[in-house]
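Report on one structure; see the data block that follows.
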Amino acid sequence: MELSKLHIKFLPGVGEKRAALLREELGVESYEDMIYHVPYKYIDRSRVYKIAELNSQLPYIQIKARIRDLQTVGEGKARRMTAIAYDETGSVELVWFKGLKYLAGQFRPEQDYLIFGQPSEFNRRLNLVHPEIDNFEKSSPLLVGFQAVYATTDKMKKAFLNSKAISKIQATILKQANGDIPETLPAWFIRQHRLIYLHEALYNIHFPQSPEMLRQAQYRLKFEELFYIQLNILKLKYKRKAYFQGHPFKTVGHYFNAFYNDHLPFPLTEAQKRVVREIRKDCGSGKQMNRLLQGDVGSGKTLVAVLCMLIALDNCYQTCLMAPTEILATQHYETIRNMLAPLGITVALLTGSTRKKEREEIHQDLNDGSLQILIGTHALLEDVVNFRNVGLVIIDEQHRFGVAQRAKLWQKNATPPHVLVMTATPIPRTLAMTLYGDLDVSVIDELPPGRKPVTTWHAYDGKRAEVLRFVETELKKGRQAYVVYPLISESEKLDFRNLEEGYAQINDYFQPRGYRTGIVHGKLKPAEKDEEMRRFATGKTQILVATTVIEVGVNVPNASIMVIESAERFGLSQLHQLRGRVGRGADQSYCILMTSYKLSNESRKRIETMTATNDGFEIAEADLKLRGPGDIEGTQQSGLTCNLKVANLGKDTLILNEASRVANEILEQDPDLQQEENQIFATQIKRLFKTKITWRYIS
Ligand code: ADP
Ligand code: MG
């Protein structure tokens with residue numbers, strides 16, 4: 001049976017209304033979409049646990065227990081209800097943050113309850129947060145092995161499309177298919193890798209017959225999913241290498257050597273040297289370079305970019321550097337212009353606020369080739385910007401640029417320029433392989449010498465007075481400080497009020513003590529923003545109150561302290577980026593993460609990660625684990641751009657490595673997937689990736 005062709009509305013028990021809901025809430029339209037809406041967790045209903053057996057590593061489990069001491073504790077946001085569940089082996093705390101008024105008087109002392117939940121640890125004590133509780137006799141436990149739980153949304157639940165209903169739908173589909181689901185991998189491949197068949201895997205992913213069968217089903221589906229992603233992306237890489245020519249950068253000449261020998265501001269780190277060598281080799285190969293340069297904040301990517309630009313100039317090509325914000329572009333422009341001034345190289349800056357006349361001149365100079373380096377923001381992408389001969393395009397802080405924007409740049413020339421994408425957000429290897437598998441990757445894994453790791457603390461809001469005193473002691477030493485507020489969306493009125501109130505508070509404290517403050521946020525005009533930044537950078541102000549506009553790239557080495565307000569509202573990579581603004585000089589630097597008392601488990605883990613490590617890769621891995629298609633009920637927007645249905649890039653590293661190895665093995669033999677035995681692969685790739693085409697050549 002071709003599952004994919006059937007619309008879900010035709011399934012008995014679904015109908016038009018529920019089908020519409022499934023489409024809106026889950027993006028499910030066909031039988032096939034539905035069957036790949038796999039459970040996000042399983043409840044171990046094979047047994048009833050004793051409380052003494054519980055630990056925070058267990059999945060969702062069930063216990064039989066009585067409940068006592070239901071009470072309300074905490075104030076304001078930290079207000080919650082707790083109770084003690086106990087059996088003959090011990091006790092465990094139950095906790096609720098929501099729906100408190102429904103709980104009062106719910107539990108009778110002499111009653112046995114069946115309690116479901118996932119044990120977690122808080123202050124070294126085990127608890128069950130928001131457990132599901134049933135009367136034990138009425139719901140006598142079903143010892144049915146692993147029971148699937150599906151993600152649903154509030155809207156779905158209101159229409160009785162809860163996890164149980166989804167389970168029923170899955171059962172109906174599987175029954176109709178009756179074991180006849182077309183295989184999506186060749187038989188030889190299934191044998192070679194000892195996989196189970198697709199229909200078996202799909203059956204067991206929804207209705208595990210045993211823990212072992214569940215494991216095998218998960219492996220088969222994850223392996224297949226990751227394998228096809230790798231095969232698809234690596235195929236592009238093989239193709240590009242085979243067919244695409246690039247500008248050959250044959251020589252390393254005057255500009256590079258003069259700069260390297262006489263004007264290098266500091267000796268390169270070993271990692272910088274290695275990366276420059278990798279890039280040089282790549283650009284000289286006659287093939288087009290597509291390279292991702294990863295390097296933690298402060299690792300010195302700018303200098304690498306400059307050296308690469310000089311190689312381009314030595315080969316008579318123009319080059320451009322694109323940054324995501326005006327502040328950053330301007331900063332790059334100033335740094336690079338100063339660095340290259342002794343060599344007489346022409347550098348220009350082009351942003352949204354460049355005046356018309358100046359803009360026209362830039363266009364002119366680009367066209368006749370007299371302008372060698374152009375630095376700018378998105379404005380660079382406008383069609384009128386025509387280079388005479390662009391050989392190398394460098395994109396800084398890549399995550400801010402969309403694929404489409406990069407593709408636009410790509411189309412500017414008949415022969416594509418070499419592309420170097422620089423990112424300060426270290427991407428976990430698994431993610432890089434999945435998103436950028438067709439790019440070559442260089443890594444700067446070493447910071448310039450003499451950097452002291454930033455010391456990071458967590459402080460609750462109640463400690464603000466102490467935090468301000470600490471900031472003051474640093475200012476007394478002549479240092480400067482950032483105070484950062486969340487303003488995730490510039491339109492958030494409440495956030496804006498917090499920012500203004502915070503600014504007033506800072507002023508009240510510091511101005512009478514003789515310190516000057518400044519403020520930057522997204523609502524300021526670019527010129528005002530620049531002026532505030534300049535005042536801070538030149539030491540006219542000692543404290544800069546800011547929103548995340550300073551997140552990327554800003555470089556003020558004398559700033560040695562950063563206070564992040566409402567730190568629980570920032571993502572890990574954002575916190576890491578922000579913290580990267582301090583620790584740039586020789587002084588010991590500090591980052592203080594302020595939070596309210598009430599923290600979700602996830603926020604707490606984020607804060608713990610930040611205080612535990614400065615290593616961007618470690619943080620990126622933790623971020624992926626936390627945000628990956630999470631254990632949160634409801635629609636799961638993980639923020640990752642590739643939507644995996646079964647695999648989890650945070651956890652399935654080994655499977656991904658294997659999938660990638662196997663994909664390479666196949667492509668080496670048959671890069672165009674033309675051999676008879678590989679036909680299923682070719683068909684599947686077409687089916688799975690039909691919407692994404694040429695853009696991948698550049699990103
Ligand atoms: P990022 O990789 O975050 O873009 P930058 O290129 O801004 O980092 O460099 C951070 C700081 O380190 C800058 O002040 C830069 O001048 C300095 N720097 C870069 N390379 C070296 C080096 N090899 N030795 C010492 N300092 C360096
Ligand atoms: Mg940078």
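Chain labels A, B, ... are given in the sequence in which chains occur in the structure tokens; within each chain residues are numbered consecutively from 1, and ligands are likewise numbered from 1 in the order shown.
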task: Check the DSSP output for the backbone and give back, as a PyMOL selection string, the residues of segment 372-601 of chain A in strand (DSSP E or B).
output: chain A and resi 373-376+390-396+418-423+440-444+455-460+480-484+517-520+543-546+559-564+590-595
query: What's the 8 Å shell around segment 30-44 of chain A, counting only C-alpha atoms, without same-chain residues fewer than 4 positions away, as a count of residues only?
result: 25
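Among the candidates A:Gly300, A:Leu21, A:Gln272, A:Tyr243, the one nearest to Met156 of chain A when counting only C-alpha atoms is A:Leu21.
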field: Contacts of Glu358 of chain A at 10 Å (only C-alpha atoms; same-chain gap of 5+ positions) as a PyMOL selection string
entry: chain A and resi 348-350+363-364
Write to file, as a short mmCIF file (atom, residue, chain, number, x, y, z; two decimals), in the first residue's frame, the residues of the selection just made, with all heavy atoms.
data_model
loop_
_atom_site.label_atom_id
_atom_site.label_comp_id
_atom_site.auth_asym_id
_atom_site.auth_seq_id
_atom_site.Cartn_x
_atom_site.Cartn_y
_atom_site.Cartn_z
N ALA A 348 36.32 50.33 1.49
CA ALA A 348 35.15 51.19 1.67
C ALA A 348 34.10 50.47 2.51
O ALA A 348 34.10 49.25 2.63
CB ALA A 348 34.56 51.56 0.32
N LEU A 349 33.22 51.30 3.10
CA LEU A 349 32.14 50.77 3.94
C LEU A 349 30.81 51.09 3.28
O LEU A 349 30.55 52.23 2.89
CB LEU A 349 32.21 51.43 5.32
CG LEU A 349 31.08 51.10 6.30
CD1 LEU A 349 31.16 49.65 6.76
CD2 LEU A 349 31.11 52.04 7.49
N LEU A 350 29.96 50.11 3.17
CA LEU A 350 28.64 50.32 2.58
C LEU A 350 27.57 49.71 3.49
O LEU A 350 27.54 48.51 3.71
CB LEU A 350 28.58 49.65 1.21
CG LEU A 350 27.30 49.87 0.41
CD1 LEU A 350 27.12 51.34 0.07
CD2 LEU A 350 27.31 49.04 -0.86
N HIS A 363 29.89 52.39 -5.92
CA HIS A 363 29.50 51.56 -7.06
C HIS A 363 30.45 51.74 -8.24
O HIS A 363 30.88 50.78 -8.88
CB HIS A 363 28.07 51.90 -7.50
CG HIS A 363 27.05 51.45 -6.52
ND1 HIS A 363 25.73 51.84 -6.56
CD2 HIS A 363 27.14 50.63 -5.46
CE1 HIS A 363 25.07 51.30 -5.57
NE2 HIS A 363 25.90 50.55 -4.89
N GLN A 364 30.73 53.01 -8.48
CA GLN A 364 31.64 53.34 -9.57
C GLN A 364 33.01 52.67 -9.40
O GLN A 364 33.52 52.00 -10.30
CB GLN A 364 31.81 54.88 -9.56
CG GLN A 364 32.76 55.43 -10.58
CD GLN A 364 32.08 55.48 -11.93
OE1 GLN A 364 30.99 56.05 -12.05
NE2 GLN A 364 32.68 54.87 -12.94
#
Write out as a PDB file with N, CA and C atoms, in the first residue's frame each polymer residue (protein, DNA or RNA) that has an atom no more than 6 Å from ligand 1, with only C-alpha atoms and all ligand atoms counted.
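Final output, part_2.pdb:
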ATOM      1  N   PHE A 266      50.218  41.095  15.893  1.00  0.00           N
ATOM      2  CA  PHE A 266      50.729  40.144  16.880  1.00  0.00           C
ATOM      3  C   PHE A 266      51.003  38.828  16.180  1.00  0.00           C
ATOM      4  N   PRO A 267      51.862  38.017  16.744  1.00  0.00           N
ATOM      5  CA  PRO A 267      52.112  36.732  16.093  1.00  0.00           C
ATOM      6  C   PRO A 267      50.833  35.905  16.046  1.00  0.00           C
ATOM      7  N   LEU A 268      50.640  35.181  14.960  1.00  0.00           N
ATOM      8  CA  LEU A 268      49.440  34.357  14.847  1.00  0.00           C
ATOM      9  C   LEU A 268      49.508  33.184  15.817  1.00  0.00           C
ATOM     10  N   THR A 269      48.350  32.763  16.285  1.00  0.00           N
ATOM     11  CA  THR A 269      48.320  31.521  17.066  1.00  0.00           C
ATOM     12  C   THR A 269      48.497  30.354  16.099  1.00  0.00           C
ATOM     13  N   GLY A 295      35.126  29.504  15.046  1.00  0.00           N
ATOM     14  CA  GLY A 295      36.093  29.909  16.062  1.00  0.00           C
ATOM     15  C   GLY A 295      35.341  30.632  17.133  1.00  0.00           C
ATOM     16  N   VAL A 297      34.178  33.019  20.225  1.00  0.00           N
ATOM     17  CA  VAL A 297      34.309  34.473  20.348  1.00  0.00           C
ATOM     18  C   VAL A 297      35.712  34.815  20.833  1.00  0.00           C
ATOM     19  N   GLY A 298      36.322  35.787  20.185  1.00  0.00           N
ATOM     20  CA  GLY A 298      37.640  36.233  20.606  1.00  0.00           C
ATOM     21  C   GLY A 298      38.794  35.381  20.117  1.00  0.00           C
ATOM     22  N   SER A 299      38.513  34.426  19.244  1.00  0.00           N
ATOM     23  CA  SER A 299      39.590  33.543  18.806  1.00  0.00           C
ATOM     24  C   SER A 299      40.416  34.163  17.673  1.00  0.00           C
ATOM     25  N   GLY A 300      39.996  35.317  17.178  1.00  0.00           N
ATOM     26  CA  GLY A 300      40.798  36.022  16.182  1.00  0.00           C
ATOM     27  C   GLY A 300      40.446  35.675  14.743  1.00  0.00           C
ATOM     28  N   LYS A 301      39.171  35.632  14.452  1.00  0.00           N
ATOM     29  CA  LYS A 301      38.758  35.314  13.089  1.00  0.00           C
ATOM     30  C   LYS A 301      39.011  36.483  12.136  1.00  0.00           C
ATOM     31  N   THR A 302      38.899  37.708  12.685  1.00  0.00           N
ATOM     32  CA  THR A 302      39.058  38.875  11.820  1.00  0.00           C
ATOM     33  C   THR A 302      40.423  38.875  11.135  1.00  0.00           C
ATOM     34  N   LEU A 303      41.432  38.550  11.898  1.00  0.00           N
ATOM     35  CA  LEU A 303      42.774  38.566  11.344  1.00  0.00           C
ATOM     36  C   LEU A 303      42.917  37.508  10.243  1.00  0.00           C
ATOM     37  N   PRO A 448      43.961  33.445  21.621  1.00  0.00           N
ATOM     38  CA  PRO A 448      45.258  34.127  21.702  1.00  0.00           C
ATOM     39  C   PRO A 448      45.808  34.043  23.127  1.00  0.00           C
TER      40      PRO A 448
END
task: Return as a VMD selection string the full set of residues in segment 436-552 of chain A whose backbone-based DSSP assignment is alpha helix (DSSP H).
output: chain A and resid 436 464 to 476 493 to 510 526 to 537
